[in-house]
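Q: For reference, the file run09.txt (compact mmCIF, C-alpha atoms) is included below:
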# COMPACT_ATOMS: atom_id res chain seq x y z
CA MET A 1 -94.92 -66.76 17.58
CA ASP A 2 -98.04 -64.74 18.16
CA PHE A 3 -98.39 -63.82 21.79
CA ILE A 4 -101.26 -61.35 21.37
CA GLY A 5 -103.36 -63.76 19.33
CA ALA A 6 -102.64 -66.68 21.61
CA TYR A 7 -103.55 -64.75 24.73
CA SER A 8 -106.85 -63.37 23.43
CA ALA A 9 -109.64 -63.22 25.99
CA ASP A 10 -111.46 -66.16 24.40
CA ASN A 11 -108.39 -68.37 24.47
CA LEU A 12 -107.57 -67.48 28.06
CA LYS A 13 -111.10 -68.19 29.18
CA PHE A 14 -110.99 -71.49 27.29
CA LEU A 15 -107.77 -72.46 29.05
CA LEU A 16 -109.21 -71.51 32.43
CA ASP A 17 -112.22 -73.73 31.74
CA GLY A 18 -109.72 -76.50 31.10
CA LEU A 19 -107.92 -75.77 34.34
CA TYR A 20 -111.23 -76.00 36.16
CA VAL A 21 -111.92 -79.49 34.77
CA THR A 22 -108.32 -80.52 35.53
CA LEU A 23 -108.64 -79.40 39.14
CA ILE A 24 -112.02 -81.05 39.67
CA VAL A 25 -110.92 -84.37 38.18
CA ALA A 26 -107.64 -84.21 40.10
CA PHE A 27 -109.20 -83.46 43.47
CA VAL A 28 -111.96 -86.05 43.20
CA SER A 29 -109.36 -88.63 42.16
CA ILE A 30 -107.01 -87.60 44.95
CA PHE A 31 -109.78 -87.99 47.49
CA LEU A 32 -110.98 -91.37 46.21
CA SER A 33 -107.54 -92.83 45.59
CA PHE A 34 -106.39 -91.76 49.04
CA ILE A 35 -109.27 -93.60 50.72
CA ILE A 36 -108.94 -96.71 48.56
CA GLY A 37 -105.14 -96.61 48.74
CA CYS A 38 -105.26 -96.40 52.54
CA MET A 39 -107.57 -99.38 52.75
CA ILE A 40 -105.44 -101.49 50.43
CA GLY A 41 -102.28 -100.38 52.22
CA VAL A 42 -103.67 -101.38 55.60
CA ILE A 43 -104.87 -104.72 54.21
CA ARG A 44 -101.44 -105.42 52.76
CA TYR A 45 -99.78 -104.35 56.00
CA SER A 46 -101.95 -106.46 58.29
CA GLU A 47 -101.38 -109.68 56.35
CA VAL A 48 -104.95 -110.90 56.17
CA PRO A 49 -104.97 -114.39 54.61
CA VAL A 50 -106.12 -114.54 50.96
CA LEU A 51 -107.03 -110.83 50.80
CA SER A 52 -103.48 -109.52 51.31
CA PRO A 53 -101.82 -111.69 48.64
CA VAL A 54 -104.62 -110.84 46.20
CA MET A 55 -104.05 -107.15 46.87
CA PHE A 56 -100.32 -107.66 46.42
CA TYR A 57 -100.78 -109.02 42.89
CA LEU A 58 -103.39 -106.40 42.05
CA VAL A 59 -101.16 -103.53 43.16
CA GLU A 60 -98.14 -104.97 41.36
CA LEU A 61 -100.15 -105.41 38.17
CA ILE A 62 -101.47 -101.86 38.14
CA ARG A 63 -98.20 -100.25 39.17
CA ASN A 64 -96.44 -101.87 36.25
CA LEU A 65 -98.88 -100.73 33.57
CA PRO A 66 -98.95 -97.31 31.91
CA LEU A 67 -101.76 -95.05 33.07
CA LEU A 68 -102.54 -94.30 29.46
CA LEU A 69 -103.34 -97.95 28.91
CA ILE A 70 -105.68 -97.97 31.89
CA ILE A 71 -107.46 -94.86 30.62
CA PHE A 72 -107.87 -96.40 27.18
CA PHE A 73 -109.01 -99.64 28.67
CA ILE A 74 -111.69 -98.11 30.85
CA ARG A 75 -112.99 -95.79 28.19
CA PHE A 76 -112.84 -98.03 25.11
CA ALA A 77 -112.50 -101.66 26.17
CA LEU A 78 -114.93 -101.84 29.08
CA PRO A 79 -117.96 -100.82 26.97
CA GLU A 80 -117.33 -104.00 25.01
CA VAL A 81 -118.19 -106.06 28.07
CA GLY A 82 -121.13 -103.84 28.91
CA ILE A 83 -119.65 -101.29 31.32
CA LYS A 84 -120.16 -97.83 29.91
CA LEU A 85 -118.77 -94.83 31.77
CA GLY A 86 -119.13 -91.15 30.96
CA LEU A 87 -116.14 -89.04 30.01
CA ILE A 88 -115.38 -87.53 33.39
CA THR A 89 -116.29 -90.70 35.27
CA ALA A 90 -113.97 -92.76 33.10
CA ALA A 91 -111.11 -90.32 33.66
CA ILE A 92 -111.68 -90.27 37.41
CA ALA A 93 -112.02 -94.06 37.54
CA ALA A 94 -108.76 -94.62 35.65
CA LEU A 95 -106.82 -92.08 37.70
CA THR A 96 -108.24 -93.43 40.95
CA ILE A 97 -107.36 -97.04 40.15
CA PHE A 98 -103.83 -96.17 39.07
CA GLU A 99 -103.03 -93.77 41.90
CA ALA A 100 -104.68 -95.93 44.57
CA ALA A 101 -102.15 -98.65 43.76
CA MET A 102 -99.31 -96.15 44.18
CA ILE A 103 -100.75 -94.76 47.40
CA ALA A 104 -101.28 -98.27 48.79
CA GLU A 105 -97.54 -98.85 48.54
CA ILE A 106 -96.78 -95.51 50.20
CA VAL A 107 -99.18 -96.30 53.05
CA ARG A 108 -97.73 -99.76 53.52
CA GLY A 109 -94.20 -98.36 53.52
CA GLY A 110 -95.16 -95.74 56.09
CA LEU A 111 -96.77 -98.29 58.37
CA MET A 112 -93.84 -100.69 58.03
CA SER A 113 -91.44 -97.93 59.07
CA ILE A 114 -92.92 -97.83 62.56
CA ASP A 115 -90.65 -99.62 65.00
CA LYS A 116 -91.76 -103.18 65.78
CA GLY A 117 -91.04 -102.59 69.50
CA GLN A 118 -93.87 -100.07 69.68
CA ILE A 119 -96.37 -102.60 68.39
CA GLU A 120 -95.12 -105.21 70.84
CA ALA A 121 -95.33 -102.72 73.68
CA ALA A 122 -98.86 -101.69 72.74
CA ARG A 123 -100.00 -105.27 72.36
CA SER A 124 -98.53 -106.35 75.67
CA SER A 125 -100.13 -103.41 77.46
CA GLY A 126 -103.48 -104.85 76.45
CA LEU A 127 -104.44 -103.08 73.21
CA SER A 128 -106.00 -105.23 70.50
CA SER A 129 -104.30 -105.37 67.13
CA VAL A 130 -106.92 -103.06 65.62
CA GLN A 131 -106.48 -100.58 68.50
CA THR A 132 -102.71 -100.72 68.07
CA LEU A 133 -103.05 -100.00 64.37
CA TRP A 134 -105.52 -97.16 64.92
CA HIS A 135 -103.99 -95.39 67.91
CA ILE A 136 -100.27 -96.17 67.65
CA VAL A 137 -99.17 -97.11 64.15
CA LEU A 138 -101.46 -95.07 61.90
CA PRO A 139 -100.97 -91.63 63.50
CA GLN A 140 -97.19 -91.94 63.34
CA GLY A 141 -97.19 -93.62 59.95
CA LEU A 142 -99.41 -90.97 58.39
CA ARG A 143 -97.01 -88.24 59.43
CA ARG A 144 -94.15 -89.99 57.68
CA MET A 145 -96.28 -90.52 54.60
CA VAL A 146 -96.98 -86.82 54.01
CA PRO A 147 -94.04 -86.04 51.67
CA PRO A 148 -94.41 -89.07 49.39
CA LEU A 149 -98.19 -88.69 49.40
CA VAL A 150 -98.03 -85.07 48.29
CA SER A 151 -95.58 -85.88 45.53
CA GLN A 152 -97.98 -88.61 44.43
CA PHE A 153 -100.80 -86.07 44.39
CA ILE A 154 -98.65 -83.80 42.27
CA SER A 155 -98.05 -86.57 39.78
CA LEU A 156 -101.79 -87.27 39.78
CA LEU A 157 -102.44 -83.66 38.86
CA LYS A 158 -99.90 -83.92 36.07
CA ASP A 159 -101.34 -87.24 34.96
CA THR A 160 -104.76 -85.73 34.39
CA SER A 161 -103.22 -84.38 31.20
CA LEU A 162 -103.23 -87.93 29.83
CA ALA A 163 -107.02 -87.78 29.73
CA VAL A 164 -106.42 -85.87 26.48
CA VAL A 165 -106.69 -89.26 24.77
CA ILE A 166 -110.35 -89.59 25.66
CA SER A 167 -110.92 -85.89 24.86
CA LEU A 168 -111.71 -84.86 28.38
CA PRO A 169 -111.88 -81.07 28.11
CA GLU A 170 -109.10 -80.42 30.63
CA LEU A 171 -106.22 -77.95 30.47
CA MET A 172 -103.96 -79.88 28.11
CA HIS A 173 -106.82 -80.77 25.79
CA ASN A 174 -107.93 -77.16 25.54
CA ALA A 175 -104.35 -76.04 24.98
CA ASN A 176 -104.19 -78.51 22.13
CA ILE A 177 -107.27 -76.98 20.55
CA VAL A 178 -105.87 -73.47 20.86
CA ILE A 179 -102.69 -74.66 19.17
CA GLY A 180 -104.84 -76.27 16.50
CA HIS A 181 -106.13 -72.82 15.47
CA SER A 182 -102.68 -71.67 14.51
CA TYR A 183 -99.22 -73.08 14.99
CA SER A 184 -97.97 -69.60 15.82
CA TYR A 185 -99.89 -70.00 19.09
CA ALA A 186 -97.94 -73.13 20.01
CA ILE A 187 -95.08 -71.69 22.05
CA PRO A 188 -97.03 -68.95 23.88
CA THR A 189 -99.83 -71.38 24.77
CA LEU A 190 -97.51 -74.16 25.93
CA ALA A 191 -95.51 -71.68 27.97
CA LEU A 192 -98.63 -70.40 29.69
CA VAL A 193 -99.95 -73.89 30.37
CA ALA A 194 -96.57 -74.97 31.74
CA LEU A 195 -96.66 -71.96 34.06
CA ILE A 196 -100.17 -72.84 35.25
CA TYR A 197 -99.23 -76.44 36.02
CA PHE A 198 -96.06 -75.29 37.71
CA VAL A 199 -97.81 -72.79 39.96
CA VAL A 200 -100.50 -75.23 41.06
CA ASN A 201 -98.03 -78.03 41.74
CA TYR A 202 -95.50 -75.77 43.38
CA LEU A 203 -98.18 -74.54 45.79
CA LEU A 204 -98.92 -78.19 46.59
CA SER A 205 -95.28 -78.93 47.34
CA LEU A 206 -94.99 -75.80 49.50
CA LEU A 207 -98.01 -77.05 51.43
CA SER A 208 -96.28 -80.40 51.85
CA ARG A 209 -93.18 -78.73 53.24
CA ARG A 210 -95.32 -76.80 55.70
CA LEU A 211 -97.05 -80.01 56.82
CA GLU A 212 -93.73 -81.77 57.18
CA HIS A 213 -92.40 -79.09 59.47
CA ARG A 214 -95.46 -79.24 61.61
CA ALA A 215 -95.25 -83.03 61.82
CA VAL A 216 -91.65 -83.04 63.03
CA MET B 15 -94.44 -106.25 17.35
CA GLU B 16 -93.20 -103.14 15.62
CA GLY B 17 -94.73 -101.13 18.44
CA PHE B 18 -92.88 -103.23 21.00
CA TYR B 19 -89.66 -102.36 19.20
CA GLY B 20 -90.61 -98.66 19.11
CA THR B 21 -91.35 -98.62 22.81
CA LEU B 22 -88.11 -100.38 23.63
CA LEU B 23 -85.98 -98.21 21.36
CA SER B 24 -87.39 -94.92 22.61
CA SER B 25 -87.13 -96.10 26.22
CA VAL B 26 -83.48 -97.09 25.87
CA LEU B 27 -82.56 -93.91 24.01
CA ALA B 28 -84.45 -91.77 26.50
CA LEU B 29 -82.82 -93.63 29.37
CA ILE B 30 -79.33 -92.96 28.10
CA GLY B 31 -80.19 -89.34 27.32
CA SER B 32 -81.89 -88.71 30.63
CA PHE B 33 -79.05 -90.32 32.55
CA LEU B 34 -76.49 -88.06 30.88
CA ILE B 35 -78.56 -84.89 31.34
CA GLY B 36 -79.53 -85.96 34.85
CA ALA B 37 -75.90 -86.55 35.87
CA VAL B 38 -74.86 -83.14 34.53
CA VAL B 39 -77.75 -81.39 36.29
CA ALA B 40 -76.99 -83.24 39.51
CA VAL B 41 -73.41 -81.99 39.34
CA PHE B 42 -74.71 -78.47 38.62
CA ARG B 43 -76.86 -78.65 41.73
CA MET B 44 -73.88 -79.51 43.91
CA THR B 45 -71.17 -77.22 42.58
CA SER B 46 -70.12 -74.15 44.45
CA VAL B 47 -70.82 -71.97 41.39
CA LYS B 48 -73.95 -70.08 42.30
CA GLY B 49 -75.31 -69.57 38.78
CA LEU B 50 -75.07 -73.24 37.87
CA ARG B 51 -76.62 -74.29 41.16
CA TRP B 52 -79.49 -71.92 40.58
CA PHE B 53 -79.96 -73.17 37.02
CA GLY B 54 -79.99 -76.79 38.22
CA ALA B 55 -82.57 -76.07 40.90
CA VAL B 56 -84.87 -74.20 38.54
CA TYR B 57 -84.55 -76.90 35.87
CA VAL B 58 -85.43 -79.70 38.28
CA GLU B 59 -88.23 -77.87 40.08
CA PHE B 60 -89.84 -76.66 36.88
CA ILE B 61 -89.78 -79.93 34.99
CA ARG B 62 -90.87 -82.01 37.93
CA ASN B 63 -93.95 -79.85 38.30
CA ILE B 64 -95.25 -79.94 34.73
CA PRO B 65 -96.80 -82.94 32.96
CA LEU B 66 -94.69 -85.11 30.69
CA LEU B 67 -97.20 -84.61 27.91
CA LEU B 68 -96.51 -80.90 28.02
CA VAL B 69 -92.76 -81.45 27.69
CA VAL B 70 -93.36 -83.73 24.73
CA TYR B 71 -95.65 -81.15 23.12
CA ILE B 72 -93.03 -78.46 23.54
CA PHE B 73 -90.60 -80.55 21.50
CA TYR B 74 -93.33 -81.51 19.05
CA TYR B 75 -94.94 -78.14 18.38
CA GLY B 76 -92.12 -75.86 19.48
CA PRO B 77 -89.64 -76.56 16.66
CA SER B 78 -92.27 -76.10 13.95
CA ALA B 79 -92.85 -72.59 15.26
CA LEU B 80 -89.14 -71.97 14.86
CA GLY B 81 -89.11 -73.36 11.34
CA PHE B 82 -87.97 -76.96 11.54
CA THR B 83 -89.83 -80.12 12.52
CA LEU B 84 -89.26 -83.14 14.68
CA ASP B 85 -91.33 -86.24 14.00
CA GLY B 86 -93.38 -87.83 16.76
CA PHE B 87 -90.82 -90.42 17.67
CA LYS B 88 -87.93 -87.96 17.98
CA ALA B 89 -89.95 -85.30 19.78
CA GLY B 90 -91.37 -87.94 22.12
CA THR B 91 -88.03 -89.49 22.91
CA ILE B 92 -86.36 -86.13 23.53
CA GLY B 93 -89.29 -85.02 25.69
CA LEU B 94 -89.12 -88.26 27.64
CA ALA B 95 -85.38 -87.85 28.18
CA VAL B 96 -85.69 -84.25 29.33
CA TYR B 97 -88.60 -85.04 31.66
CA THR B 98 -86.96 -88.10 33.23
CA SER B 99 -83.61 -86.34 33.58
CA ALA B 100 -85.06 -84.05 36.26
CA PHE B 101 -86.04 -87.06 38.36
CA ILE B 102 -82.74 -88.81 37.73
CA ALA B 103 -80.82 -85.67 38.74
CA GLU B 104 -82.65 -85.71 42.06
CA ALA B 105 -82.00 -89.42 42.55
CA ILE B 106 -78.29 -89.01 41.87
CA ARG B 107 -78.04 -85.97 44.11
CA ALA B 108 -79.81 -87.78 46.94
CA GLY B 109 -77.46 -90.75 46.52
CA ILE B 110 -74.35 -88.59 46.69
CA MET B 111 -75.70 -86.62 49.66
CA ALA B 112 -76.42 -89.90 51.46
CA VAL B 113 -72.71 -90.66 51.71
CA PRO B 114 -71.65 -89.15 55.04
CA LYS B 115 -69.84 -85.83 54.78
CA GLY B 116 -67.06 -87.04 57.04
CA GLN B 117 -65.85 -89.35 54.31
CA MET B 118 -65.33 -86.46 51.93
CA GLU B 119 -63.48 -84.52 54.62
CA ALA B 120 -61.36 -87.54 55.56
CA ALA B 121 -60.44 -88.25 51.94
CA ARG B 122 -59.65 -84.62 51.23
CA SER B 123 -57.46 -84.28 54.30
CA SER B 124 -55.56 -87.45 53.45
CA GLY B 125 -54.46 -85.71 50.26
CA LEU B 126 -56.92 -86.81 47.56
CA SER B 127 -58.15 -84.13 45.17
CA TYR B 128 -61.88 -83.34 44.91
CA ILE B 129 -62.21 -85.34 41.70
CA GLN B 130 -60.25 -88.29 43.12
CA THR B 131 -62.44 -88.31 46.19
CA MET B 132 -65.58 -88.27 44.05
CA LEU B 133 -64.34 -91.06 41.76
CA HIS B 134 -62.84 -93.39 44.34
CA ILE B 135 -64.75 -92.73 47.55
CA ILE B 136 -68.11 -91.08 47.05
CA LEU B 137 -69.38 -92.34 43.69
CA PRO B 138 -68.78 -96.09 44.26
CA GLN B 139 -70.89 -95.90 47.41
CA ALA B 140 -73.47 -93.54 45.94
CA ILE B 141 -74.06 -95.73 42.88
CA LYS B 142 -75.25 -98.61 45.02
CA LEU B 143 -77.77 -96.34 46.72
CA VAL B 144 -78.84 -94.75 43.48
CA ILE B 145 -79.62 -97.97 41.63
CA PRO B 146 -83.08 -98.68 43.15
CA PRO B 147 -84.49 -95.21 42.45
CA LEU B 148 -82.92 -95.26 39.01
CA GLY B 149 -84.54 -98.63 38.35
CA ASN B 150 -87.88 -97.19 39.40
CA GLN B 151 -87.35 -94.26 37.09
CA PHE B 152 -86.62 -96.64 34.24
CA ILE B 153 -89.86 -98.50 34.90
CA ASN B 154 -91.69 -95.18 34.89
CA LEU B 155 -89.93 -94.28 31.70
CA ILE B 156 -91.14 -97.43 29.93
CA LYS B 157 -94.67 -96.75 31.08
CA ASN B 158 -94.38 -93.09 30.18
CA SER B 159 -93.19 -93.94 26.69
CA SER B 160 -96.86 -94.70 25.98
CA VAL B 161 -97.30 -90.93 25.86
CA LEU B 162 -95.56 -91.05 22.49
CA THR B 163 -98.87 -92.31 21.13
CA LEU B 164 -100.25 -88.81 21.43
CA VAL B 165 -97.71 -87.41 19.00
CA ALA B 166 -97.88 -90.44 16.69
CA GLY B 167 -94.67 -91.78 18.12
CA LEU B 168 -94.98 -95.33 16.73
CA ASP B 169 -94.88 -97.01 20.13
CA LEU B 170 -96.79 -99.98 21.51
CA MET B 171 -99.91 -98.03 22.45
CA TYR B 172 -99.97 -96.27 19.09
CA PHE B 173 -100.21 -99.53 17.21
CA ALA B 174 -102.65 -100.95 19.74
CA ASP B 175 -104.90 -98.01 19.06
CA GLY B 176 -104.65 -98.60 15.33
CA ILE B 177 -105.35 -102.31 15.63
CA SER B 178 -108.31 -101.85 17.92
CA THR B 179 -109.98 -99.37 15.58
CA GLU B 180 -109.31 -101.64 12.62
CA THR B 181 -110.55 -104.87 14.13
CA TYR B 182 -113.03 -103.55 16.71
CA ARG B 183 -111.53 -106.02 19.19
CA THR B 184 -110.64 -103.38 21.70
CA PHE B 185 -110.74 -105.54 24.77
CA ASP B 186 -108.42 -108.26 23.46
CA THR B 187 -105.98 -105.77 21.99
CA TYR B 188 -105.53 -103.87 25.20
CA ILE B 189 -105.13 -107.02 27.28
CA PHE B 190 -102.46 -108.11 24.83
CA VAL B 191 -100.67 -104.77 25.08
CA ALA B 192 -100.88 -104.90 28.86
CA VAL B 193 -99.06 -108.24 28.77
CA PHE B 194 -96.37 -106.69 26.58
CA TYR B 195 -95.82 -103.86 29.03
CA LEU B 196 -95.72 -106.28 31.96
CA VAL B 197 -93.07 -108.35 30.16
CA LEU B 198 -90.93 -105.21 30.15
CA THR B 199 -91.71 -103.78 33.58
CA LEU B 200 -92.23 -106.74 35.92
CA PRO B 201 -88.70 -108.20 35.65
CA LEU B 202 -87.34 -104.71 36.25
CA SER B 203 -89.38 -104.04 39.34
CA TYR B 204 -88.49 -107.51 40.62
CA GLY B 205 -84.81 -106.73 40.09
CA VAL B 206 -85.14 -103.40 41.89
CA ARG B 207 -86.77 -105.12 44.85
CA ILE B 208 -84.02 -107.73 45.13
CA TRP B 209 -81.36 -105.04 44.99
CA GLU B 210 -83.14 -103.03 47.69
CA ARG B 211 -83.27 -106.06 49.94
CA ARG B 212 -79.57 -106.67 49.45
CA LEU B 213 -78.86 -103.08 50.43
CA GLN B 214 -80.94 -103.36 53.56
CA ARG B 215 -79.19 -106.51 54.65
CA LYS B 216 -75.81 -104.85 54.41
CA TYR B 217 -76.59 -102.04 56.82
Using the file provided, produce a representation of the structure as structure tokens.
A:
Amino acid sequence: MDFIGAYSADNLKFLLDGLYVTLIVAFVSIFLSFIIGCMIGVIRYSEVPVLSPVMFYLVELIRNLPLLLIIFFIRFALPEVGIKLGLITAAIAALTIFEAAMIAEIVRGGLMSIDKGQIEAARSSGLSSVQTLWHIVLPQGLRRMVPPLVSQFISLLKDTSLAVVISLPELMHNANIVIGHSYSYAIPTLALVALIYFVVNYLLSLLSRRLEHRAV
Amino acid sequence: MEGFYGTLLSSVLALIGSFLIGAVVAVFRMTSVKGLRWFGAVYVEFIRNIPLLLVVYIFYYGPSALGFTLDGFKAGTIGLAVYTSAFIAEAIRAGIMAVPKGQMEAARSSGLSYIQTMLHIILPQAIKLVIPPLGNQFINLIKNSSVLTLVAGLDLMYFADGISTETYRTFDTYIFVAVFYLVLTLPLSYGVRIWERRLQRKY
């Protein structure tokens, strides 16, 4: 174990560069997958003919596959059929697809948890079904979705580490390179990286708790 | 096919391991001993907030720094078990907490010991509640076992990677692997859903 060597200024800067890429990829993916997930969730909830069943199978398919496979697929298999994506784009695309499926289920669950009586009341007081969804169901549903959504965002942030396989220069990838210099760096580096992930994610979950309190 | 076997073996081993560790940690989190409770909380919070890959790396690189080595499969399976155990501990704890407190009090005041109450009153009810989240964890575990690839863990993805670089038929290989994973995960998620529906009907 070589703490001094592992924590040299160069190595630390290198790891911070990785953290920066991790955060960027994570936040772009969180943003995109939240929007797409919400749309799919609402479609599944509102039982549109054809579209809803298609979304059901799509979501089920993606939720039951490993993210690693999706990353591989997008980066290495898609070019074979002519779709070439850059490194960061491929990582963001894979994460977005995978997490959007997860978020769609959370959104649907949140919407379903709203009491049927409220919808009936809103409809019979003259609101259209879209108005009911927008003004009555969504605002209440979103509040209930906050805790599972944040934990999904946390797993997204953790999942960015899987982009190691396509050599995206994120935190885990850079840690791997530092360890590659000398095995005596392994434990200090992994400990530091674990701490970084923990701090970022713990802040996220604290934020979620704060939001929850405000919602209730 | 060998990869399919590797994935299955490591998933089953990790499942058993994570269930045992998870159950112990869940008990830790609920005892009245402060130190154990604290340890359980830190264990769960810490592991749930770091990536699985990192846990696997710790078991892969860590031992070699201490002078002995674990191969990819062992390190991966242990990492998987440790990582999943934190989630399972939370699932078990939530299940036990979901049984109303009054039942514990009633059982204790009618003369049952703490352990008797747990075994005969609380656990039978908690297990039913715990099964859907445990099933979901198991599905996650199968999917997560693909991470073994990154430490040469001889799982499905590892061989898929090898085949696709050998034959250059990347697209076909990955579709094929996807089907393999679905064969494992779809029946499970279907089972979990049926069980959930049965639970809902009862209450």
Q: Do you have the CA of Leu207 (chain A)-CA of Leu149 (chain A) distance handy?
A: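 Rounded to one decimal, the two atoms are 11.8 Å apart.
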Q: Considering only C-alpha atoms, can you say which of A:Lys13, A:Lys158, A:His173, A:Arg108 comes closest to chain B?
A: A:Lys158
Q: For a quick test of understanding: name the residues of chain B lying within 9 Å of chain A when counting only C-alpha atoms, and present them as a ChimeraX atom specification.
A: /B:59-69,71-72,75-76,78-80,153-154,156-161,164,171,175,183-189,191-193,195-196,198-200,203
Q: Give me, as a list of chain:residue names, all polymer residues having an atom no more than 8 Å from Phe33 (chain B), counting all atoms listed in the file and skipping those fewer than 2 positions away in the same chain.
A: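 Everything that qualifies: B:Leu29, B:Ile30, B:Gly31, B:Ile35, B:Gly36, B:Ala37, B:Ser99, B:Ile102, B:Ala103.
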Q: Just how far from CA of Pro139 (chain A) is CA of Arg209 (chain A), in Å to one decimal?
A: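 Taking CA of Arg209 (chain A) and CA of Pro139 (chain A), their separation equals 18.2 Å.
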Q: I need every residue sitting at most 10 Å from the point (-100.6, -97.2, 46.3) (coordinates as in the file, only C-alpha atoms considered), written as a PyMOL selection string.
A: chain A and resi 33-34+36-41+59-60+62-63+97-109+149+152
Q: Name the closest residue to Pro147 (chain A) among the candidates A:Glu170, A:Glu212, A:Asp10, A:Asp115; distances are taken between atoms, counting only C-alpha atoms.
A: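 Smallest distance to Pro147 (chain A) is found for A:Glu212.
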Q: From the set B:Ile135, B:Ala105, B:Val56, B:Val41, which residue has the shortest atom-to-atom contact distance to Glu119 (chain B), counting all atoms listed in the file?
A: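 Closest to Glu119 (chain B) of all the choices is B:Ile135.
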Q: Please identify all polymer residues within 10 Å of Lys142 (chain B), counting only C-alpha atoms, omitting same-chain residues fewer than 2 positions from it, and present them as a count of residues only.
A: 11
Q: What is the CA of Met118 (chain B)-CA of Val38 (chain B) distance in Å, reported with one decimal?
A: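 Interatomic distance, CA of Met118 (chain B) to CA of Val38 (chain B): 20.1 Å.
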